[in-house]
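Below is the file work-v5.pdb, which contains PDB, C-alpha atoms and all ligand atoms.
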ATOM      1  CA  MET A   1      16.017   6.324  -0.668
ATOM      2  CA  PRO A   2      19.107   4.401   0.366
ATOM      3  CA  ARG A   3      21.716   3.455  -2.275
ATOM      4  CA  ASP A   4      24.911   1.560  -1.589
ATOM      5  CA  GLU A   5      27.728   1.072  -4.054
ATOM      6  CA  GLU A   6      29.213  -1.721  -1.906
ATOM      7  CA  LEU A   7      26.079  -3.774  -2.453
ATOM      8  CA  VAL A   8      26.126  -3.463  -6.228
ATOM      9  CA  GLY A   9      28.339  -6.571  -6.343
ATOM     10  CA  THR A  10      29.892  -7.571  -9.653
ATOM     11  CA  TYR A  11      30.901  -4.493 -11.626
ATOM     12  CA  ILE A  12      29.676  -4.592 -15.148
ATOM     13  CA  SER A  13      31.981  -2.802 -17.529
ATOM     14  CA  ARG A  14      29.630  -0.388 -19.285
ATOM     15  CA  PRO A  15      29.074   3.358 -19.139
ATOM     16  CA  GLU A  16      25.659   2.984 -17.418
ATOM     17  CA  SER A  17      27.116   1.098 -14.417
ATOM     18  CA  PRO A  18      27.362   1.222 -11.471
ATOM     19  CA  GLU A  19      25.099   4.307 -11.437
ATOM     20  CA  VAL A  20      22.220   2.405 -13.026
ATOM     21  CA  GLU A  21      22.393  -0.318 -10.354
ATOM     22  CA  MET A  22      22.212   2.319  -7.640
ATOM     23  CA  LEU A  23      19.260   3.971  -9.363
ATOM     24  CA  ILE A  24      17.537   0.574  -9.316
ATOM     25  CA  GLN A  25      18.314   0.249  -5.590
ATOM     26  CA  GLU A  26      16.597   3.584  -5.014
ATOM     27  CA  THR A  27      13.675   2.678  -7.264
ATOM     28  CA  ILE A  28      13.060  -0.617  -5.466
ATOM     29  CA  GLY A  29      13.262   1.324  -2.171
ATOM     30  CA  CYS A  30      10.603   3.824  -3.328
ATOM     31  CA  ALA A  31       8.280   1.056  -4.531
ATOM     32  CA  LEU A  32       8.687  -0.842  -1.252
ATOM     33  CA  VAL A  33       7.938   2.202   0.893
ATOM     34  CA  ASP A  34       4.806   2.890  -1.150
ATOM     35  CA  LEU A  35       3.733  -0.748  -0.815
ATOM     36  CA  LEU A  36       4.439  -1.202   2.899
ATOM     37  CA  ALA A  37       3.288   2.216   4.113
ATOM     38  CA  ASN A  38       0.278   2.872   1.890
ATOM     39  CA  LYS A  39      -1.135  -0.290   0.344
ATOM     40  CA  GLY A  40      -3.607  -2.883   1.545
ATOM     41  CA  LEU A  41      -3.427  -6.607   0.884
ATOM     42  CA  TYR A  42      -3.073  -7.868  -2.679
ATOM     43  CA  GLN A  43      -2.159  -4.429  -3.990
ATOM     44  CA  ASN A  44       0.702  -3.960  -6.434
ATOM     45  CA  VAL A  45       3.347  -1.349  -7.060
ATOM     46  CA  GLU A  46       5.257  -1.185 -10.328
ATOM     47  CA  LEU A  47       8.861   0.089 -10.318
ATOM     48  CA  ASP A  48       9.100   3.578 -11.785
ATOM     49  CA  LEU A  49      12.184   3.457 -14.003
ATOM     50  CA  SER A  50      12.059   7.055 -15.221
ATOM     51  CA  SER A  51      15.361   7.805 -13.423
ATOM     52  CA  VAL A  52      17.029   5.035 -15.459
ATOM     53  CA  ALA A  53      15.739   6.573 -18.700
ATOM     54  CA  GLU A  54      16.990  10.012 -17.574
ATOM     55  CA  HIS A  55      20.405   8.584 -16.721
ATOM     56  CA  THR A  56      20.826   6.794 -20.061
ATOM     57  CA  ALA A  57      19.675   9.880 -21.967
ATOM     58  CA  GLN A  58      22.155  12.018 -20.038
ATOM     59  CA  ILE A  59      25.141   9.849 -20.954
ATOM     60  CA  GLY A  60      23.939   9.374 -24.526
ATOM     61  CA  SER A  61      23.125   5.680 -24.158
ATOM     62  CA  SER A  62      20.167   4.105 -25.929
ATOM     63  CA  SER A  63      19.900   1.058 -23.711
ATOM     64  CA  ALA A  64      17.036   2.112 -21.378
ATOM     65  CA  ASP A  65      14.691  -0.645 -22.651
ATOM     66  CA  GLU A  66      17.393  -3.313 -22.543
ATOM     67  CA  LEU A  67      18.245  -2.300 -18.988
ATOM     68  CA  LYS A  68      14.595  -2.468 -18.010
ATOM     69  CA  ALA A  69      14.415  -6.046 -19.336
ATOM     70  CA  GLU A  70      17.680  -6.906 -17.589
ATOM     71  CA  PHE A  71      16.533  -5.723 -14.155
ATOM     72  CA  SER A  72      13.199  -7.466 -14.591
ATOM     73  CA  ARG A  73      15.213 -10.698 -14.850
ATOM     74  CA  ARG A  74      18.087 -10.206 -12.393
ATOM     75  CA  PRO A  75      17.494 -11.743  -8.947
ATOM     76  CA  TRP A  76      17.189  -9.182  -6.161
ATOM     77  CA  VAL A  77      18.819  -9.516  -2.755
ATOM     78  CA  PRO A  78      17.301  -7.313  -0.038
ATOM     79  CA  ILE A  79      19.798  -6.361   2.670
ATOM     80  CA  SER A  80      18.746  -4.959   6.052
ATOM     81  CA  PRO A  81      20.954  -2.149   7.349
ATOM     82  CA  GLY A  82      23.432  -3.081  10.062
ATOM     83  CA  LEU A  83      23.857  -6.663   8.831
ATOM     84  CA  THR A  84      27.284  -8.078   9.729
ATOM     85  CA  ASN A  85      29.512  -9.275   6.885
ATOM     86  CA  GLU A  86      28.936 -12.897   7.812
ATOM     87  CA  ASN A  87      25.180 -12.490   7.755
ATOM     88  CA  LEU A  88      25.398 -10.539   4.523
ATOM     89  CA  MET A  89      26.995 -13.580   2.852
ATOM     90  CA  ARG A  90      24.326 -15.785   4.384
ATOM     91  CA  ALA A  91      21.625 -13.465   3.102
ATOM     92  CA  GLU A  92      22.954 -13.755  -0.417
ATOM     93  CA  PHE A  93      23.279 -17.519  -0.142
ATOM     94  CA  PHE A  94      19.782 -18.008   1.225
ATOM     95  CA  CYS A  95      18.188 -15.955  -1.492
ATOM     96  CA  GLY A  96      19.185 -18.816  -3.760
ATOM     97  CA  VAL A  97      21.715 -16.800  -5.689
ATOM     98  CA  SER A  98      25.311 -17.808  -5.229
ATOM     99  CA  ASP A  99      28.258 -15.919  -6.711
ATOM    100  CA  SER A 100      27.895 -15.716 -10.431
ATOM    101  CA  PRO A 101      30.580 -17.187 -12.681
ATOM    102  CA  LEU A 102      32.613 -14.617 -14.584
ATOM    103  CA  SER A 103      31.006 -15.645 -17.848
ATOM    104  CA  ALA A 104      27.460 -15.053 -16.567
ATOM    105  CA  PRO A 105      25.486 -12.545 -18.642
ATOM    106  CA  SER A 106      24.563  -9.347 -16.830
ATOM    107  CA  SER A 107      20.904 -10.406 -16.764
ATOM    108  CA  GLU A 108      21.806 -13.322 -14.449
ATOM    109  CA  LEU A 109      23.760 -11.270 -11.922
ATOM    110  CA  LYS A 110      22.166 -10.653  -8.568
ATOM    111  CA  ILE A 111      21.553  -7.108  -7.481
ATOM    112  CA  SER A 112      21.562  -6.370  -3.775
ATOM    113  CA  PHE A 113      19.780  -3.352  -2.403
ATOM    114  CA  PRO A 114      19.577  -1.740   1.035
ATOM    115  CA  MET A 115      16.146  -2.110   2.619
ATOM    116  CA  PRO A 116      14.463   1.274   3.158
ATOM    117  CA  GLY A 117      12.734   2.394   6.339
ATOM    118  CA  PHE A 118       9.172   3.695   6.230
ATOM    119  CA  LYS A 119       6.839   5.700   8.422
ATOM    120  CA  GLY A 120       3.913   3.813   9.908
ATOM    121  CA  TYR A 121       1.647   3.576  12.905
ATOM    122  CA  CYS A 122       3.092   1.804  15.944
ATOM    123  CA  GLY A 123       0.279   0.209  17.949
ATOM    124  CA  LYS A 124       2.536   0.031  21.020
ATOM    125  CA  CYS A 125       3.676   3.691  20.950
ATOM    126  CA  ARG A 126       0.215   4.710  19.678
ATOM    127  CA  ASP A 127       1.842   7.125  17.258
ATOM    128  CA  ASP A 128       3.397   7.326  13.793
ATOM    129  CA  HIS A 129       7.066   6.381  13.864
ATOM    130  CA  SER A 130       9.824   5.171  11.576
ATOM    131  CA  PHE A 131      10.009   1.434  11.053
ATOM    132  CA  THR A 132      13.423  -0.071  10.302
ATOM    133  CA  SER A 133      14.144  -3.254   8.396
ATOM    134  CA  ILE A 134      15.663  -5.730  10.855
ATOM    135  CA  GLY A 135      15.726  -8.885   8.758
ATOM    136  CA  VAL A 136      14.575 -10.692   5.649
ATOM    137  CA  LEU A 137      13.613 -14.353   5.255
ATOM    138  CA  TRP A 138      13.406 -16.230   1.971
ATOM    139  CA  ALA A 139      11.543 -19.355   1.090
ATOM    140  CA  ASP A 140      14.299 -20.342  -1.310
ATOM    141  CA  GLY A 141      17.980 -21.277  -1.091
ATOM    142  CA  PHE A 142      17.716 -24.873   0.113
ATOM    143  CA  LEU A 143      14.211 -25.257  -1.217
ATOM    144  CA  ASP A 144      15.289 -24.426  -4.705
ATOM    145  CA  TYR A 145      12.020 -23.158  -6.154
ATOM    146  CA  PHE A 146      12.751 -19.457  -5.910
ATOM    147  CA  PRO A 147      13.923 -17.347  -7.572
ATOM    148  CA  ARG A 148      12.079 -18.490 -10.678
ATOM    149  CA  MET A 149      14.262 -16.894 -13.300
ATOM    150  CA  SER A 150      12.465 -15.635 -16.383
ATOM    151  CA  GLU A 151      11.747 -12.390 -18.206
ATOM    152  CA  LYS A 152       9.732 -11.602 -15.086
ATOM    153  CA  THR A 153      11.693 -13.286 -12.327
ATOM    154  CA  GLU A 154       9.606 -14.365  -9.337
ATOM    155  CA  GLN A 155      10.769 -14.137  -5.732
ATOM    156  CA  LEU A 156       8.970 -14.317  -2.407
ATOM    157  CA  PHE A 157      10.267 -12.243   0.489
ATOM    158  CA  ASN A 158       9.353 -12.063   4.129
ATOM    159  CA  PHE A 159      10.427  -8.671   5.471
ATOM    160  CA  HIS A 160      10.668  -7.965   9.199
ATOM    161  CA  TYR A 161      10.432  -4.406  10.472
ATOM    162  CA  ASN A 162      10.630  -2.939  13.971
ATOM    163  CA  CYS A 163       9.503   0.394  15.403
ATOM    164  CA  SER A 164      12.630   2.535  15.760
ATOM    165  CA  ILE A 165      11.357   4.193  18.948
ATOM    166  CA  CYS A 166      10.065   1.410  21.235
ATOM    167  CA  ARG A 167      11.988  -1.343  19.378
ATOM    168  CA  ASP A 168       9.305  -3.686  20.587
ATOM    169  CA  ASN A 169       6.860  -3.945  17.692
ATOM    170  CA  ILE A 170       8.044  -6.327  14.999
ATOM    171  CA  ILE A 171       5.814  -6.444  11.933
ATOM    172  CA  GLY A 172       6.219  -9.030   9.175
ATOM    173  CA  PHE A 173       5.334  -8.515   5.492
ATOM    174  CA  LEU A 174       5.041 -11.112   2.765
ATOM    175  CA  VAL A 175       5.977  -9.577  -0.587
ATOM    176  CA  LYS A 176       5.963 -11.264  -3.981
ATOM    177  CA  ARG A 177       8.215  -9.870  -6.674
ATOM    178  CA  THR A 178       7.320 -10.560 -10.310
ATOM    179  CA  GLY A 179       9.696  -8.844 -12.702
ATOM    180  CA  LEU A 180       9.407  -5.156 -11.882
ATOM    181  CA  ARG A 181       6.216  -5.508  -9.861
ATOM    182  CA  LEU A 182       5.860  -5.908  -6.100
ATOM    183  CA  SER A 183       2.687  -7.314  -4.512
ATOM    184  CA  LEU A 184       1.777  -7.202  -0.841
ATOM    185  CA  CYS A 185       0.533 -10.727  -0.035
ATOM    186  CA  GLY A 186       0.494 -10.572   3.750
ATOM    187  CA  ARG A 187       1.182  -8.472   6.814
ATOM    188  CA  SER A 188       1.196  -9.572  10.443
ATOM    189  CA  GLU A 189      -0.617  -6.445  11.606
ATOM    190  CA  ARG A 190      -3.484  -4.633   9.972
ATOM    191  CA  PRO A 191      -2.538  -1.050   9.191
ATOM    192  CA  ARG A 192      -4.425   1.717  10.957
ATOM    193  CA  VAL A 193      -6.972   3.380   8.704
ATOM    194  CA  GLU A 194      -7.299   7.161   8.949
ATOM    195  CA  THR A 195     -10.908   8.310   8.846
ATOM    196  CA  PRO A 196     -11.887  11.902   7.988
ATOM    197  CA  LYS A 197     -12.063  14.080  11.115
ATOM    198  CA  ILE A 198     -15.628  15.181  10.303
ATOM    199  CA  ILE A 199     -16.968  11.628  10.848
ATOM    200  CA  PRO A 200     -18.573  11.334  14.327
ATOM    201  CA  LYS A 201     -16.189   9.482  16.632
ATOM    202  CA  LYS A 202     -18.452   6.572  17.506
ATOM    203  CA  LEU A 203     -19.131   5.861  13.817
ATOM    204  CA  ARG A 204     -15.460   5.951  12.789
ATOM    205  CA  PRO A 205     -14.962   2.154  13.150
ATOM    206  CA  ILE A 206     -17.631   1.594  10.442
ATOM    207  CA  MET A 207     -15.936   4.095   8.150
ATOM    208  CA  ALA A 208     -12.550   2.496   8.905
ATOM    209  CA  ASP A 209     -13.999  -0.878   7.797
ATOM    210  CA  ALA A 210     -15.238   0.724   4.563
ATOM    211  CA  LEU A 211     -11.858   2.315   3.814
ATOM    212  CA  GLY A 212      -9.978  -0.820   4.876
ATOM    213  CA  ALA A 213     -12.052  -3.016   2.550
ATOM    214  CA  VAL A 214     -11.451  -0.689  -0.399
ATOM    215  CA  SER A 215      -7.708  -0.516   0.321
ATOM    216  CA  GLU A 216      -7.701  -4.315  -0.001
ATOM    217  CA  ASN A 217      -9.567  -4.106  -3.288
ATOM    218  CA  ASP A 218     -12.915  -5.316  -1.909
ATOM    219  CA  VAL A 219     -14.842  -2.289  -3.163
ATOM    220  CA  PHE A 220     -18.261  -3.978  -2.862
ATOM    221  CA  ALA A 221     -17.643  -4.573   0.848
ATOM    222  CA  GLY A 222     -16.666  -0.887   0.994
ATOM    223  CA  PHE A 223     -20.149   0.057  -0.329
ATOM    224  CA  TYR A 224     -21.747  -2.281   2.198
ATOM    225  CA  HIS A 225     -19.946  -0.634   5.136
ATOM    226  CA  LEU A 226     -20.661   2.821   3.716
ATOM    227  CA  ARG A 227     -24.368   2.038   3.602
ATOM    228  CA  THR A 228     -24.222   0.761   7.184
ATOM    229  CA  PHE A 229     -22.505   4.020   8.114
ATOM    230  CA  CYS A 230     -25.348   6.061   6.537
ATOM    231  CA  GLU A 231     -27.946   3.947   8.332
ATOM    232  CA  HIS A 232     -26.287   4.282  11.746
ATOM    233  CA  TYR A 233     -25.692   7.994  11.182
ATOM    234  CA  MET A 234     -29.304   8.741  10.255
ATOM    235  CA  LYS A 235     -30.583   6.637  13.173
ATOM    236  CA  SER A 236     -28.324   8.446  15.633
ATOM    237  CA  CYS A 237     -29.540  11.848  14.337
ATOM    238  CA  LEU A 238     -33.134  10.673  14.783
ATOM    239  CA  GLY A 239     -32.457   9.327  18.270
ATOM    240  CA  LEU A 240     -33.323   5.778  17.132
ATOM    241  CA  SER A 241     -31.435   2.775  18.467
ATOM    242  CA  VAL A 242     -29.307   0.783  16.031
ATOM    243  CA  GLU A 243     -31.507  -2.279  16.632
ATOM    244  CA  GLU A 244     -34.664  -0.395  15.633
ATOM    245  CA  ARG A 245     -36.204  -2.073  12.573
ATOM    246  CA  ILE A 246     -37.160   0.458   9.976
ATOM    247  CA  ILE A 247     -37.117   0.172   6.199
ATOM    248  CA  GLY A 248     -34.551   2.247   4.330
ATOM    249  CA  GLU A 249     -37.061   4.490   2.582
ATOM    250  CA  GLU A 250     -38.829   5.425   5.781
ATOM    251  CA  LEU A 251     -35.547   6.074   7.556
ATOM    252  CA  CYS A 252     -34.411   8.391   4.738
ATOM    253  CA  GLU A 253     -37.729  10.207   4.709
ATOM    254  CA  LYS A 254     -37.631  10.788   8.473
ATOM    255  CA  TYR A 255     -34.035  11.954   8.272
ATOM    256  CA  ASN A 256     -34.772  14.458   5.498
ATOM    257  CA  GLY A 257     -37.603  15.751   7.661
ATOM    258  CA  ILE A 258     -35.258  16.910  10.421
ATOM    259  CA  LEU A 259     -32.725  18.617   8.158
ATOM    260  CA  ASP A 260     -32.326  22.382   8.085
ATOM    261  CA  ARG A 261     -34.609  23.602   5.303
ATOM    262  CA  ARG A 262     -31.665  25.474   3.775
ATOM    263  CA  MET A 263     -29.989  22.108   3.019
ATOM    264  CA  THR A 264     -31.156  22.253  -0.581
ATOM    265  CA  SER A 265     -30.964  19.565  -3.206
ATOM    266  CA  ASP A 266     -27.718  21.098  -4.490
ATOM    267  CA  LEU A 267     -25.891  19.876  -1.405
ATOM    268  CA  PRO A 268     -24.716  16.253  -1.089
ATOM    269  CA  SER A 269     -27.634  14.222   0.228
ATOM    270  CA  MET A 270     -27.276  11.416   2.777
ATOM    271  CA  VAL A 271     -30.295   9.733   1.200
ATOM    272  CA  VAL A 272     -28.648   9.678  -2.238
ATOM    273  CA  ILE A 273     -25.427   8.327  -0.709
ATOM    274  CA  TYR A 274     -27.417   5.603   1.066
ATOM    275  CA  ASP A 275     -29.325   4.672  -2.111
ATOM    276  CA  THR A 276     -26.248   4.687  -4.324
ATOM    277  CA  SER A 277     -24.203   2.521  -1.917
ATOM    278  CA  SER A 278     -27.160   0.154  -1.741
ATOM    279  CA  LYS A 279     -27.438  -0.053  -5.509
ATOM    280  CA  TYR A 280     -23.693  -0.708  -5.987
ATOM    281  CA  MET A 281     -23.678  -3.252  -3.188
ATOM    282  CA  HIS A 282     -26.585  -5.284  -4.599
ATOM    283  CA  SER A 283     -25.534  -5.132  -8.227
ATOM    284  CA  ARG A 284     -21.806  -5.570  -7.439
ATOM    285  CA  ALA A 285     -21.092  -2.535  -9.569
ATOM    286  CA  GLY A 286     -19.080   0.604  -8.868
ATOM    287  CA  ASP A 287     -15.343   1.026  -8.539
ATOM    288  CA  ARG A 288     -12.829   2.822  -6.310
ATOM    289  CA  GLY A 289     -13.525   6.134  -8.063
ATOM    290  CA  GLU A 290     -17.224   5.878  -7.303
ATOM    291  CA  PHE A 291     -16.497   4.882  -3.724
ATOM    292  CA  ARG A 292     -14.198   7.906  -3.348
ATOM    293  CA  GLU A 293     -16.930  10.141  -4.837
ATOM    294  CA  LEU A 294     -19.506   8.871  -2.320
ATOM    295  CA  LEU A 295     -17.035   9.395   0.488
ATOM    296  CA  ASN A 296     -16.520  13.009  -0.649
ATOM    297  CA  GLN A 297     -20.287  13.435  -0.597
ATOM    298  CA  VAL A 298     -20.475  12.089   2.973
ATOM    299  CA  GLU A 299     -17.850  14.626   4.028
ATOM    300  CA  GLY A 300     -19.637  17.378   2.073
ATOM    301  CA  HIS A 301     -22.965  16.562   3.692
ATOM    302  CA  LEU A 302     -21.524  16.541   7.218
ATOM    303  CA  LYS A 303     -19.602  19.783   6.626
ATOM    304  CA  ALA A 304     -22.686  21.540   5.241
ATOM    305  CA  LYS A 305     -24.715  20.362   8.228
ATOM    306  CA  GLU A 306     -22.056  21.595  10.622
ATOM    307  CA  LEU A 307     -22.097  25.044   8.957
ATOM    308  CA  PHE A 308     -25.884  25.341   9.076
ATOM    309  CA  GLU A 309     -25.856  24.296  12.730
ATOM    310  CA  GLN A 310     -23.153  26.872  13.491
ATOM    311  CA  TYR A 311     -25.046  29.747  11.858
ATOM    312  CA  GLY A 312     -28.530  28.412  12.449
TER
HETATM  313 ZN    ZN B 401       6.756   1.796  18.872
END

Written form, structure tokens:
Amino acid sequence: MPRDEELVGTYISRPESPEVEMLIQETIGCALVDLLANKGLYQNVELDLSSVAEHTAQIGSSSADELKAEFSRRPWVPISPGLTNENLMRAEFFCGVSDSPLSAPSSELKISFPMPGFKGYCGKCRDDHSFTSIGVLWADGFLDYFPRMSEKTEQLFNFHYNCSICRDNIIGFLVKRTGLRLSLCGRSERPRVETPKIIPKKLRPIMADALGAVSENDVFAGFYHLRTFCEHYMKSCLGLSVEERIIGEELCEKYNGILDRRMTSDLPSMVVIYDTSSKYMHSRAGDRGEFRELLNQVEGHLKAKELFEQYG
């Protein structure tokens, strides 16, 4: 992750600095990459400050907890790489944090950090490429309501990224910072969802909806799409059209009837997956772990079927 001593700003005279500031830069970078590359909407990432604890232990300082509280309060200033000096000053001004007076306590000092790049899917290149931070907008500065300084300082950032290969695919992210936590509140483009290769191609969009819903914390919708997947899958194996009206029980019974007789009850059963998704969906029960378990069973069922067909 990028670190930049120039961006640390005001030097604080203490044995932990400026190394600790640069460790925070790296930590924010890691959290951001995790958030932007891997998380769906309304998901959070907490800063992992273990490197700060290691650093303080190494130099015999006992201030790890105090430093954690300090960085939870200090306003952050994200800086895109390649920003000219003039724009760098503007960036700091518009984040609502002007130069701190000499007497300011360390917990009021801004900390600037270089924005990391991340690897993501470019819809224009139709491939995974690096995305580079090209700019950051704030809703504060003139407006004066951010940053909300407290033990858990709040800031709202709008990050702009561009594909480093085609340079023609700008994606915007809305990220809320609360203390040491980052939340993804918006993104201008929905991320591509990878579906397991074993899923039949024409049913992958349904599975992508299931995975997409769960990545945005709507697990019940995930069960709904998973059940639809089971229904469409069983119908396609039976040569029935999707519009065909048939009750779930009958569909499951017919489907079991065409399975290889060696597909014993020890193997993951499509009927059980269908029933369980149905139950969770109606009762609004079940969590991510249970969704993941059902997904593993879908993959297990399809793999077993593929094997029996291969050696049938
Ligand atoms: Zn591209």

Residues within 10 Å of ligand ZN 401 (chain B), counting only C-alpha atoms and all ligand atoms, as a compact mmCIF listing (two decimals) with C-alpha atoms, in the frame of the given file:
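Contents of pocket.txt, as written:
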# COMPACT_ATOMS: atom_id res chain seq x y z
CA GLY A 120 3.91 3.81 9.91
CA TYR A 121 1.65 3.58 12.90
CA CYS A 122 3.09 1.80 15.94
CA GLY A 123 0.28 0.21 17.95
CA LYS A 124 2.54 0.03 21.02
CA CYS A 125 3.68 3.69 20.95
CA ARG A 126 0.22 4.71 19.68
CA ASP A 127 1.84 7.12 17.26
CA ASP A 128 3.40 7.33 13.79
CA HIS A 129 7.07 6.38 13.86
CA SER A 130 9.82 5.17 11.58
CA PHE A 131 10.01 1.43 11.05
CA ASN A 162 10.63 -2.94 13.97
CA CYS A 163 9.50 0.39 15.40
CA SER A 164 12.63 2.54 15.76
CA ILE A 165 11.36 4.19 18.95
CA CYS A 166 10.06 1.41 21.24
CA ARG A 167 11.99 -1.34 19.38
CA ASP A 168 9.30 -3.69 20.59
CA ASN A 169 6.86 -3.94 17.69
CA ILE A 170 8.04 -6.33 15.00

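If you measure from each of A:Ile111, A:Ala53, A:Val45, A:Leu174 to Pro18 in chain A using all atoms listed in the file, the closest one turns out to be A:Ile111.
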
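Computed from the coordinates, the CA of Glu299 in chain A to CA of Pro196 in chain A distance equals 7.7 Å.
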
* **Separation of CA of Arg227 in chain A from CA of Glu189 in chain A, in Å and rounded to one decimal** => 26.5 Å

* To do: Run the PyMOL selection byres (((chain A and resi 188) around 10) and not hetatm) mentally over the shown coordinates, then write out the matched residues as a PyMOL selection string, using the chain letters and numbers from the document.
  => chain A and resi 160+170-174+186-187+189-191

* **Closest of A:Leu7, A:Tyr255, A:Phe220, A:Ala213 to His232 in chain A - atom-to-atom distances counting all atoms listed in the file** => A:Tyr255

* **Contacts of range 148-158 of chain A at 10 Å (all atoms listed in the file; same-chain gap of 5+ positions) as JSON, numbers by chain** => {"A": [69, 70, 71, 72, 73, 74, 75, 76, 77, 78, 95, 96, 107, 108, 135, 136, 137, 138, 139, 140, 172, 173, 174, 175, 176, 177, 178, 179, 180, 181, 182, 183, 184, 185, 186, 187]}

N, CA and C atoms for range 278-298 of chain A, written as a PDB file, in the coordinates of the input, could you do that?
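For reference, selection_7.pdb as written:
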ATOM      1  N   SER A 278     -26.284   1.319  -1.708  1.00  0.00           N
ATOM      2  CA  SER A 278     -27.160   0.154  -1.741  1.00  0.00           C
ATOM      3  C   SER A 278     -27.184  -0.469  -3.133  1.00  0.00           C
ATOM      4  N   LYS A 279     -27.344   0.404  -4.116  1.00  0.00           N
ATOM      5  CA  LYS A 279     -27.438  -0.053  -5.509  1.00  0.00           C
ATOM      6  C   LYS A 279     -26.125  -0.755  -5.920  1.00  0.00           C
ATOM      7  N   TYR A 280     -24.993  -0.114  -5.628  1.00  0.00           N
ATOM      8  CA  TYR A 280     -23.693  -0.708  -5.987  1.00  0.00           C
ATOM      9  C   TYR A 280     -23.482  -2.031  -5.269  1.00  0.00           C
ATOM     10  N   MET A 281     -23.898  -2.063  -4.000  1.00  0.00           N
ATOM     11  CA  MET A 281     -23.678  -3.252  -3.188  1.00  0.00           C
ATOM     12  C   MET A 281     -24.469  -4.438  -3.752  1.00  0.00           C
ATOM     13  N   HIS A 282     -25.744  -4.193  -4.101  1.00  0.00           N
ATOM     14  CA  HIS A 282     -26.585  -5.284  -4.599  1.00  0.00           C
ATOM     15  C   HIS A 282     -26.206  -5.721  -6.001  1.00  0.00           C
ATOM     16  N   SER A 283     -25.820  -4.754  -6.838  1.00  0.00           N
ATOM     17  CA  SER A 283     -25.534  -5.132  -8.227  1.00  0.00           C
ATOM     18  C   SER A 283     -24.054  -5.465  -8.429  1.00  0.00           C
ATOM     19  N   ARG A 284     -23.255  -5.369  -7.353  1.00  0.00           N
ATOM     20  CA  ARG A 284     -21.806  -5.570  -7.439  1.00  0.00           C
ATOM     21  C   ARG A 284     -21.215  -4.734  -8.571  1.00  0.00           C
ATOM     22  N   ALA A 285     -21.625  -3.484  -8.589  1.00  0.00           N
ATOM     23  CA  ALA A 285     -21.092  -2.535  -9.569  1.00  0.00           C
ATOM     24  C   ALA A 285     -20.355  -1.441  -8.789  1.00  0.00           C
ATOM     25  N   GLY A 286     -19.773  -0.508  -9.524  1.00  0.00           N
ATOM     26  CA  GLY A 286     -19.080   0.604  -8.868  1.00  0.00           C
ATOM     27  C   GLY A 286     -17.635   0.254  -8.621  1.00  0.00           C
ATOM     28  N   ASP A 287     -16.774   1.268  -8.747  1.00  0.00           N
ATOM     29  CA  ASP A 287     -15.343   1.026  -8.539  1.00  0.00           C
ATOM     30  C   ASP A 287     -14.798   1.972  -7.471  1.00  0.00           C
ATOM     31  N   ARG A 288     -13.475   1.971  -7.325  1.00  0.00           N
ATOM     32  CA  ARG A 288     -12.829   2.822  -6.310  1.00  0.00           C
ATOM     33  C   ARG A 288     -13.184   4.290  -6.489  1.00  0.00           C
ATOM     34  N   GLY A 289     -13.228   4.730  -7.771  1.00  0.00           N
ATOM     35  CA  GLY A 289     -13.525   6.134  -8.063  1.00  0.00           C
ATOM     36  C   GLY A 289     -14.898   6.499  -7.540  1.00  0.00           C
ATOM     37  N   GLU A 290     -15.864   5.608  -7.770  1.00  0.00           N
ATOM     38  CA  GLU A 290     -17.224   5.878  -7.303  1.00  0.00           C
ATOM     39  C   GLU A 290     -17.317   5.827  -5.778  1.00  0.00           C
ATOM     40  N   PHE A 291     -16.531   4.933  -5.192  1.00  0.00           N
ATOM     41  CA  PHE A 291     -16.497   4.882  -3.724  1.00  0.00           C
ATOM     42  C   PHE A 291     -15.949   6.205  -3.177  1.00  0.00           C
ATOM     43  N   ARG A 292     -14.838   6.658  -3.772  1.00  0.00           N
ATOM     44  CA  ARG A 292     -14.198   7.906  -3.348  1.00  0.00           C
ATOM     45  C   ARG A 292     -15.183   9.076  -3.476  1.00  0.00           C
ATOM     46  N   GLU A 293     -15.956   9.075  -4.588  1.00  0.00           N
ATOM     47  CA  GLU A 293     -16.930  10.141  -4.837  1.00  0.00           C
ATOM     48  C   GLU A 293     -18.001  10.148  -3.734  1.00  0.00           C
ATOM     49  N   LEU A 294     -18.490   8.950  -3.377  1.00  0.00           N
ATOM     50  CA  LEU A 294     -19.506   8.871  -2.320  1.00  0.00           C
ATOM     51  C   LEU A 294     -18.934   9.342  -0.981  1.00  0.00           C
ATOM     52  N   LEU A 295     -17.685   8.981  -0.753  1.00  0.00           N
ATOM     53  CA  LEU A 295     -17.035   9.395   0.488  1.00  0.00           C
ATOM     54  C   LEU A 295     -16.927  10.926   0.551  1.00  0.00           C
ATOM     55  N   ASN A 296     -16.577  11.536  -0.598  1.00  0.00           N
ATOM     56  CA  ASN A 296     -16.520  13.009  -0.649  1.00  0.00           C
ATOM     57  C   ASN A 296     -17.886  13.602  -0.336  1.00  0.00           C
ATOM     58  N   GLN A 297     -18.929  12.931  -0.843  1.00  0.00           N
ATOM     59  CA  GLN A 297     -20.287  13.435  -0.597  1.00  0.00           C
ATOM     60  C   GLN A 297     -20.658  13.334   0.881  1.00  0.00           C
ATOM     61  N   VAL A 298     -20.219  12.231   1.522  1.00  0.00           N
ATOM     62  CA  VAL A 298     -20.475  12.089   2.973  1.00  0.00           C
ATOM     63  C   VAL A 298     -19.834  13.260   3.705  1.00  0.00           C
TER      64      VAL A 298
END
